[in-house]
Every structure is written in C-alpha cells, then in structure tokens.
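Colleague: Dropping in protein.tsv, which is TSV, C-alpha atoms and all ligand atoms:
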```tsv
chain	number	residue	atom	x	y	z
J	577	MET	CA	-53.44	-62.71	-1.01
J	578	ALA	CA	-53.12	-65.74	1.22
J	579	GLY	CA	-49.37	-65.32	1.54
J	580	ALA	CA	-49.27	-62.50	4.04
J	581	PRO	CA	-50.90	-62.69	7.42
J	582	ASP	CA	-52.44	-59.26	7.70
J	583	GLU	CA	-53.98	-58.50	4.39
J	584	GLN	CA	-57.16	-59.32	2.65
J	585	GLY	CA	-57.93	-58.53	-0.93
J	586	ARG	CA	-61.65	-58.32	-1.52
J	587	GLY	CA	-63.09	-60.42	-4.28
J	588	PRO	CA	-66.64	-61.26	-5.24
J	589	LEU	CA	-66.71	-63.88	-2.48
J	590	ALA	CA	-66.50	-61.22	0.18
J	591	GLY	CA	-69.59	-59.58	-1.31
J	592	GLU	CA	-71.49	-62.85	-1.14
J	593	GLN	CA	-70.64	-63.22	2.50
J	594	LEU	CA	-72.21	-59.90	3.39
J	595	GLY	CA	-75.77	-61.23	3.23
J	596	GLN	CA	-75.03	-63.95	5.74
J	597	GLN	CA	-73.13	-61.53	7.90
J	598	ASP	CA	-76.13	-59.20	8.15
J	599	VAL	CA	-78.00	-61.96	9.96
J	600	THR	CA	-75.22	-63.04	12.29
J	601	CYS	CA	-74.49	-59.45	13.27
J	602	GLN	CA	-77.90	-59.04	14.90
J	603	VAL	CA	-76.29	-59.61	18.25
J	604	PHE	CA	-75.80	-57.25	21.11
J	605	PRO	CA	-72.25	-57.92	22.28
J	606	GLU	CA	-72.72	-55.97	25.49
J	607	GLN	CA	-75.48	-58.32	26.62
J	608	LEU	CA	-73.38	-61.39	25.96
J	609	ALA	CA	-70.48	-59.85	27.79
J	610	VAL	CA	-72.40	-59.35	31.03
J	611	ARG	CA	-73.83	-62.85	31.25
J	612	LYS	CA	-72.38	-64.56	34.27
J	613	PRO	CA	-71.27	-68.19	34.53
J	614	GLN	CA	-73.20	-68.51	37.83
J	615	GLN	CA	-76.39	-68.40	35.84
J	616	GLY	CA	-75.49	-71.89	34.67
J	617	PHE	CA	-75.48	-70.84	31.08
J	618	PHE	CA	-72.32	-70.83	29.02
J	619	PRO	CA	-73.12	-69.36	25.66
J	620	VAL	CA	-71.05	-70.90	22.90
J	621	LEU	CA	-70.04	-67.88	20.91
J	622	THR	CA	-69.75	-68.02	17.16
J	623	ASN	CA	-66.61	-66.67	15.49
J	624	ASN	CA	-68.62	-63.63	14.46
J	625	GLN	CA	-69.76	-62.89	18.01
J	626	LYS	CA	-66.21	-63.34	19.34
J	627	CYS	CA	-64.92	-61.02	16.63
J	628	GLN	CA	-67.50	-58.36	17.54
J	629	LEU	CA	-66.65	-58.61	21.24
J	630	MET	CA	-62.91	-58.39	20.68
J	631	LEU	CA	-63.41	-55.45	18.31
J	632	LEU	CA	-65.47	-53.61	20.91
J	633	LYS	CA	-62.74	-54.10	23.51
J	634	THR	CA	-60.04	-52.98	21.07
J	635	LEU	CA	-61.93	-49.80	20.19
J	636	GLU	CA	-62.54	-48.93	23.81
J	637	THR	CA	-59.22	-49.79	25.41
J	638	ASN	CA	-56.28	-50.02	22.99
J	639	PRO	CA	-54.17	-46.83	23.06
J	640	TYR	CA	-52.94	-47.17	19.45
J	641	VAL	CA	-56.52	-47.50	18.26
J	642	LYS	CA	-57.87	-44.71	20.46
J	643	LEU	CA	-55.29	-42.30	19.06
J	644	LEU	CA	-56.03	-43.33	15.48
J	645	LEU	CA	-59.78	-42.93	16.03
J	646	ASP	CA	-59.20	-39.43	17.44
J	647	ALA	CA	-56.91	-38.54	14.54
J	648	MET	CA	-59.46	-39.78	12.01
J	649	LYS	CA	-62.16	-37.72	13.65
J	650	HIS	CA	-59.87	-34.70	13.67
J	651	SER	CA	-59.28	-35.16	9.93
J	652	GLY	CA	-63.01	-35.26	9.25
J	653	CYS	CA	-63.30	-39.07	8.92
J	654	ALA	CA	-65.07	-40.13	12.12
J	655	VAL	CA	-65.14	-43.92	12.41
J	656	ASN	CA	-68.32	-45.80	13.24
J	657	LYS	CA	-68.12	-49.38	14.55
J	658	GLU	CA	-71.18	-50.64	12.71
J	659	ARG	CA	-70.50	-48.86	9.43
J	660	HIS	CA	-66.74	-49.12	9.05
J	661	PHE	CA	-65.90	-52.60	10.37
J	662	SER	CA	-67.00	-55.97	9.09
J	663	CYS	CA	-66.23	-59.32	10.72
J	664	GLU	CA	-66.12	-61.94	7.96
J	665	ASP	CA	-64.66	-65.33	7.11
J	666	CYS	CA	-61.62	-64.96	4.88
J	667	ASN	CA	-59.67	-67.26	2.62
J	668	GLY	CA	-56.23	-68.54	3.55
J	669	ASN	CA	-54.52	-67.16	6.62
J	670	VAL	CA	-55.21	-63.45	6.11
J	671	SER	CA	-56.18	-61.52	9.22
J	672	GLY	CA	-57.76	-58.40	7.82
J	673	GLY	CA	-57.83	-55.76	5.14
J	674	PHE	CA	-58.85	-52.23	4.27
J	675	ASP	CA	-61.46	-52.01	1.54
J	676	ALA	CA	-60.88	-48.51	0.18
J	677	SER	CA	-63.84	-48.56	-2.19
J	678	ALA	CA	-66.29	-49.37	0.62
J	679	CYS	CA	-64.32	-47.44	3.27
J	680	GLN	CA	-64.49	-50.51	5.45
J	681	ILE	CA	-62.05	-52.54	7.52
J	682	VAL	CA	-62.51	-56.28	7.10
J	683	LEU	CA	-61.65	-58.41	10.13
J	684	CYS	CA	-61.13	-62.08	9.41
J	685	GLN	CA	-63.17	-63.72	12.16
J	686	ASN	CA	-61.90	-67.21	11.30
J	687	ASN	CA	-58.23	-66.19	11.59
J	688	ILE	CA	-57.98	-63.59	14.37
J	689	ARG	CA	-56.80	-65.69	17.28
J	690	ASN	CA	-57.08	-63.49	20.36
J	691	GLN	CA	-57.39	-59.96	21.72
J	692	THR	CA	-53.73	-59.07	21.11
J	693	HIS	CA	-54.02	-60.19	17.53
J	694	MET	CA	-57.24	-58.17	17.11
J	695	ASN	CA	-55.51	-55.08	18.53
J	696	ARG	CA	-52.71	-55.40	16.00
J	697	VAL	CA	-54.95	-56.00	13.01
J	698	VAL	CA	-57.28	-53.09	13.82
J	699	THR	CA	-54.28	-50.77	14.38
J	700	HIS	CA	-52.65	-51.82	11.11
J	701	GLU	CA	-55.81	-51.35	9.07
J	702	LEU	CA	-56.69	-48.04	10.78
J	703	ILE	CA	-53.32	-46.67	9.65
J	704	HIS	CA	-54.39	-47.42	6.06
J	705	ALA	CA	-57.76	-45.78	6.76
J	706	PHE	CA	-55.98	-42.74	8.23
J	707	ASP	CA	-53.76	-42.48	5.13
J	708	HIS	CA	-56.83	-42.84	2.93
J	709	CYS	CA	-58.54	-40.05	4.82
J	710	ARG	CA	-55.68	-37.56	4.93
J	711	ALA	CA	-53.84	-38.24	1.69
J	712	HIS	CA	-56.34	-39.52	-0.86
J	713	VAL	CA	-54.15	-42.49	-1.60
J	714	ASP	CA	-54.26	-43.91	-5.09
J	715	TRP	CA	-54.45	-47.53	-3.91
J	716	PHE	CA	-55.36	-49.15	-7.18
J	717	THR	CA	-52.92	-47.70	-9.72
J	718	SER	CA	-49.93	-46.53	-7.68
J	719	VAL	CA	-47.82	-49.27	-6.14
J	720	ARG	CA	-45.72	-46.56	-4.48
J	721	HIS	CA	-48.73	-45.12	-2.65
J	722	LEU	CA	-49.65	-48.59	-1.42
J	723	ALA	CA	-46.01	-49.27	-0.50
J	724	CYS	CA	-45.84	-46.08	1.55
J	725	SER	CA	-48.94	-46.95	3.55
J	726	GLU	CA	-47.71	-50.52	4.12
J	727	VAL	CA	-44.36	-49.23	5.41
J	728	ARG	CA	-46.19	-46.90	7.78
J	729	ALA	CA	-48.59	-49.64	8.92
J	730	ALA	CA	-45.75	-52.09	9.63
J	731	ASN	CA	-43.73	-49.39	11.38
J	732	LEU	CA	-46.45	-47.81	13.53
J	733	SER	CA	-48.73	-50.73	14.41
J	734	GLY	CA	-46.19	-52.56	16.58
J	735	ASP	CA	-45.98	-55.36	13.99
J	736	CYS	CA	-42.19	-55.31	14.24
J	737	SER	CA	-41.72	-54.17	17.80
J	738	LEU	CA	-39.59	-55.98	20.28
J	739	VAL	CA	-42.00	-58.48	21.80
J	740	ASN	CA	-43.13	-59.59	18.38
J	741	GLU	CA	-39.56	-59.91	17.32
J	742	ILE	CA	-38.57	-61.95	20.36
J	743	PHE	CA	-41.40	-64.34	19.66
J	744	ARG	CA	-40.00	-64.78	16.21
J	745	LEU	CA	-36.59	-65.46	17.71
J	746	HIS	CA	-35.06	-62.43	16.12
J	747	PHE	CA	-32.75	-60.50	18.34
J	748	GLY	CA	-30.65	-57.56	17.70
J	749	LEU	CA	-29.86	-54.44	15.96
J	750	LYS	CA	-31.79	-51.37	15.02
J	751	GLN	CA	-31.20	-52.27	11.41
J	752	HIS	CA	-33.09	-55.47	12.04
J	753	TYR	CA	-36.20	-53.50	12.92
J	754	GLN	CA	-36.07	-51.66	9.61
J	755	THR	CA	-35.56	-54.94	7.77
J	756	CYS	CA	-38.65	-56.32	9.50
J	757	VAL	CA	-40.70	-53.27	8.45
J	758	ARG	CA	-39.45	-53.54	4.87
J	759	ASP	CA	-40.13	-57.29	4.63
J	760	ARG	CA	-43.62	-57.01	6.07
J	761	ALA	CA	-44.50	-54.16	3.75
J	762	ILE	CA	-43.38	-56.23	0.75
J	763	LEU	CA	-45.42	-59.25	1.91
J	764	SER	CA	-48.49	-57.07	2.43
J	765	ILE	CA	-48.23	-55.63	-1.09
J	766	LEU	CA	-47.84	-59.09	-2.60
J	767	ALA	CA	-50.97	-60.18	-0.70
J	768	VAL	CA	-53.16	-57.64	-2.48
J	769	ARG	CA	-51.41	-57.00	-5.82
J	770	ASN	CA	-50.63	-59.41	-8.55
J	771	ILE	CA	-47.09	-58.15	-9.13
J	772	SER	CA	-43.64	-59.69	-8.88
J	773	LYS	CA	-41.61	-59.62	-5.70
J	774	GLU	CA	-39.00	-57.50	-7.46
J	775	VAL	CA	-41.54	-54.80	-8.37
J	776	ALA	CA	-42.87	-54.76	-4.80
J	777	GLN	CA	-39.33	-54.53	-3.37
J	778	LYS	CA	-38.45	-51.68	-5.71
J	779	ALA	CA	-41.59	-49.72	-4.75
J	780	VAL	CA	-40.87	-50.18	-1.03
J	781	ASP	CA	-37.21	-49.19	-1.40
J	782	GLU	CA	-38.14	-46.05	-3.34
J	783	VAL	CA	-40.49	-44.75	-0.67
J	784	PHE	CA	-38.90	-46.32	2.40
J	785	GLU	CA	-36.94	-43.43	3.84
J	786	SER	CA	-39.64	-40.79	3.70
J	787	CYS	CA	-42.49	-43.12	4.70
J	788	PHE	CA	-40.52	-44.82	7.49
J	789	ASN	CA	-39.87	-41.37	8.95
J	790	ASP	CA	-43.48	-40.23	8.66
J	791	HIS	CA	-44.87	-41.05	12.12
J	792	GLU	CA	-48.22	-39.28	11.87
J	793	PRO	CA	-50.41	-39.26	13.88
J	794	PHE	CA	-48.16	-40.85	16.56
J	795	GLY	CA	-45.30	-38.36	16.42
J	796	ARG	CA	-42.87	-41.21	17.23
J	797	ILE	CA	-42.61	-44.94	16.66
J	798	PRO	CA	-44.91	-46.39	19.34
J	799	HIS	CA	-42.94	-49.50	20.25
J	800	ASN	CA	-45.35	-50.39	23.04
J	801	LYS	CA	-48.60	-49.32	24.68
J	802	THR	CA	-46.86	-46.85	26.99
J	803	TYR	CA	-45.41	-44.97	24.02
J	804	ALA	CA	-48.81	-45.12	22.32
J	805	ARG	CA	-50.40	-43.54	25.42
J	806	TYR	CA	-47.78	-40.74	25.38
J	807	SER	CA	-48.52	-40.18	21.72
J	808	HIS	CA	-52.24	-40.02	22.41
J	809	LYS	CA	-51.70	-37.43	25.13
J	810	ASP	CA	-49.45	-35.36	22.87
J	811	PHE	CA	-52.00	-35.57	20.10
J	812	GLN	CA	-54.78	-34.37	22.39
J	813	ASN	CA	-52.63	-31.46	23.57
J	814	ARG	CA	-51.62	-30.61	20.02
J	815	ASP	CA	-55.29	-30.55	19.11
J	816	ARG	CA	-55.99	-28.25	22.04
J	817	TYR	CA	-53.23	-25.79	21.06
J	818	TYR	CA	-54.36	-25.70	17.45
J	819	SER	CA	-57.96	-25.07	18.39
J	820	ASN	CA	-56.84	-22.03	20.43
J	821	ILE	CA	-55.05	-20.37	17.55
U	901	ZN	ZN	-51.52	-53.35	5.22
```
Since I need it in another form, could you write the structure as structure tokens?

Modeller:
Amino acid sequence: MAGAPDEQGRGPLAGEQLGQQDVTCQVFPEQLAVRKPQQGFFPVLTNNQKCQLMLLKTLETNPYVKLLLDAMKHSGCAVNKERHFSCEDCNGNVSGGFDASACQIVLCQNNIRNQTHMNRVVTHELIHAFDHCRAHVDWFTSVRHLACSEVRAANLSGDCSLVNEIFRLHFGLKQHYQTCVRDRAILSILAVRNISKEVAQKAVDEVFESCFNDHEPFGRIPHNKTYARYSHKDFQNRDRYYSNI
C-alpha cells in the first residue's frame, strides 16, 4: 500500500480517524480564504484545512475534474464535496484512494504537497469513481477490473503526460508513454492488493489494449489542461445533442 504514490488501501485505522476528522472539518474554507494579511492575522492552517481549501479550488477550476464531475452527474452519480471526499492522514507516502464500499475519495492531507498534486490525485480517483458508477466494477475479486481502471486512471489523469515525464527525466518515444501508464497501473494495483508483481503485470497486460484505448469520458487522451478543456466542451455538446434526440 505504501509502495505506490497515489493509492490508499483503507484499513481499520482509516475508520478510527474519521471521528477526529469530523471535528477538524468544522471549518468554513471560504471564510479562511478571504482573510487578508493586512488584518495582521496570519492563520496557521492545519493540514486538514489546507486539504479542504485545495480540494475546493480543484473542484471549481480544474478542467479534468470539471469534466469528470459533469460526466458523473450525467451517469446518475452526482458528486458532493462533503459526502464524497475525505481529507485524512494516511500511512506511508500514499496520496489518495477510492473507497468503493463507502463511495468516497480519500485525500491524504499529510502527503498532498500542493495544488498541482491535489489536481492530479482528485482526477485519478474520480476516474475510478466514474468507472465504479458506469460499469459496476468488481474491485474486490477481479484483478482485471481493477487493472483496467488503473490503466485508465494513469492514462487519462495526466500522470504520465509530458511535463510529468520531463520532471522524471524521461524523454522520448510514444512507446515510453505507454510504458509509463503500464508501470503506474501495476504499482497502483500492488498498493491495494496483496498479490505478486507477476500477477499484477499479467492482469494489466491482458486488459491493456482495450482499456488504454477507452478514453471515456474525455474522448481523447487529455495530455494537458487545454486538451481537457476541449474534451469538456465536446462532452457538453454531446450531452446537448443527446438530450435533443
Ligand atoms: Zn488508482
């Protein structure tokens, strides 16, 4: 679980943390956001408050996330900030996770470093939530179902897109992108399933082609925010055409 950066398996510990989180979530992020330094008061924000503020900004401004929220709503799974997201402390270096049984996205407030990181984690986990909503994924018994969603999340969230790759000092070929998607999907599976690397690799390889080419709801691989905005526009138009039929 601690091996991969973007996944969080949920154990009993996470349940214990909920009680504490109920208290620390009694904050109104909007009020904190409008406080001005001129007032001579610099509030020292807790990790939970920072997490809530970054989440709010992600939900309101990130084009990947706005499209996914629209698509979820369109599929009958409207997302609610208070109900479907939980900022919590997590073990190891995991950044987030999708808790299918609680229909909740866990955001690891102690590990999410900045707004860009928050954008990526929320996008990644919303792709799992979208798959859960549209496809009734069998997360717990089918490694192939999980593998498919991890391939899609790595492919469509920008996890492997160029800027990320440059930062990792990887340059090069189209094939490299696919290798990145495959490797990340395998790491994500190993973070939440107690199976061997070979079994995870086999599951990813079996589903890779069809799941790598399934770009819903983006319609294309959104390598950057501009592409994500195009996708959002296309999705809205598609919705409009369908509703006129
Ligand atoms: Zn994932």

Colleague: Using all atoms listed in the file, what does the table of chain J residues within 8 Å of ligand ZN 901 (chain U) look like, with each row giving the shortest atom pair and its distance in Å to one decimal, sorted by chain and ascending number, as JSON lines?

Modeller:
```
{"residue": "J:Asp582", "atom": "CA", "partner": "U:ZN901", "partner_atom": "ZN", "distance": 6.5}
{"residue": "J:Glu583", "atom": "CA", "partner": "U:ZN901", "partner_atom": "ZN", "distance": 5.8}
{"residue": "J:Gly673", "atom": "CA", "partner": "U:ZN901", "partner_atom": "ZN", "distance": 6.8}
{"residue": "J:Phe674", "atom": "CA", "partner": "U:ZN901", "partner_atom": "ZN", "distance": 7.5}
{"residue": "J:His700", "atom": "CA", "partner": "U:ZN901", "partner_atom": "ZN", "distance": 6.2}
{"residue": "J:Glu701", "atom": "CA", "partner": "U:ZN901", "partner_atom": "ZN", "distance": 6.1}
{"residue": "J:His704", "atom": "CA", "partner": "U:ZN901", "partner_atom": "ZN", "distance": 6.6}
{"residue": "J:Ser725", "atom": "CA", "partner": "U:ZN901", "partner_atom": "ZN", "distance": 7.1}
{"residue": "J:Glu726", "atom": "CA", "partner": "U:ZN901", "partner_atom": "ZN", "distance": 4.9}
{"residue": "J:Ala729", "atom": "CA", "partner": "U:ZN901", "partner_atom": "ZN", "distance": 6.0}
{"residue": "J:Ala730", "atom": "CA", "partner": "U:ZN901", "partner_atom": "ZN", "distance": 7.4}
{"residue": "J:Ala761", "atom": "CA", "partner": "U:ZN901", "partner_atom": "ZN", "distance": 7.2}
{"residue": "J:Ser764", "atom": "CA", "partner": "U:ZN901", "partner_atom": "ZN", "distance": 5.6}
{"residue": "J:Ile765", "atom": "CA", "partner": "U:ZN901", "partner_atom": "ZN", "distance": 7.5}
```

Colleague: So which residues touch J:Thr637 within 12 Å, counting only C-alpha atoms, skipping near sequence neighbours fewer than 3 positions away, as a ChimeraX atom specification?

Modeller: /J:630-634,640-643,645,691-692,694-695,801,804-805

Colleague: Which neighbours of stretch 776-787 of chain J fall inside 6 Å, counting all atoms listed in the file, when residues of the same chain fewer than 6 positions from it are skipped, and could you give them as a ChimeraX atom specification?

Modeller: /J:720,723-724,762

Colleague: Write out as JSON lines a residue-level contact list of stretch 679-723 of chain J versus stretch 652-664 of chain J with cut-off 7 Å: for each qualifying residue the closest pair of atoms and the distance in Å to one decimal, counting all atoms listed in the file, rows sorted by chain and residue number upward.

Modeller:
```
{"residue": "J:Cys679", "atom": "CA", "partner": "J:His660", "partner_atom": "CA", "distance": 6.5}
{"residue": "J:Gln680", "atom": "CA", "partner": "J:His660", "partner_atom": "CA", "distance": 4.5}
{"residue": "J:Ile681", "atom": "CA", "partner": "J:Phe661", "partner_atom": "CA", "distance": 4.8}
{"residue": "J:Val682", "atom": "CA", "partner": "J:Ser662", "partner_atom": "CA", "distance": 4.9}
{"residue": "J:Leu683", "atom": "CA", "partner": "J:Cys663", "partner_atom": "CA", "distance": 4.7}
{"residue": "J:Cys684", "atom": "CA", "partner": "J:Glu664", "partner_atom": "CA", "distance": 5.2}
{"residue": "J:Gln685", "atom": "CA", "partner": "J:Glu664", "partner_atom": "CA", "distance": 5.4}
{"residue": "J:Cys709", "atom": "CA", "partner": "J:Cys653", "partner_atom": "CA", "distance": 6.4}
```

Colleague: Do you have the atom CA of J:Arg710-atom CA of J:Pro798 distance handy?

Modeller: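 Separation between atom CA of J:Arg710 and atom CA of J:Pro798: 20.0 Å.
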
Colleague: In the coordinates of the file, take the point (-41.1, -41.8, 13.4) and a cut-off of 12 Å; then, counting only C-alpha atoms, name each qualifying protein, DNA or RNA residue as a ChimeraX atom specification.

Modeller: /J:727-733,754,785-799,803,807

Colleague: Calculate, to one decimal in Å, the centre and edge lengths of the box along x, y and z of the file that holds all listed atoms of stretch 666-670 of chain J with 3 Å of margin on each side, and present them as AutoDock Vina command-line options.

Modeller:
```
--center_x -58.1 --center_y -66.0 --center_z 4.6 --size_x 13.1 --size_y 11.1 --size_z 10.0
```

Colleague: When you draw a straight line from atom CA of J:Leu722 to atom CA of J:Lys809, how long is it in Å?

Modeller: 28.9 Å

Colleague: May I ask for the distance between atom CA of J:Leu763 and atom CA of J:Cys627, given in Å to one decimal place?

Modeller: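 One can read the atom CA of J:Leu763 to atom CA of J:Cys627 distance as 24.5 Å.
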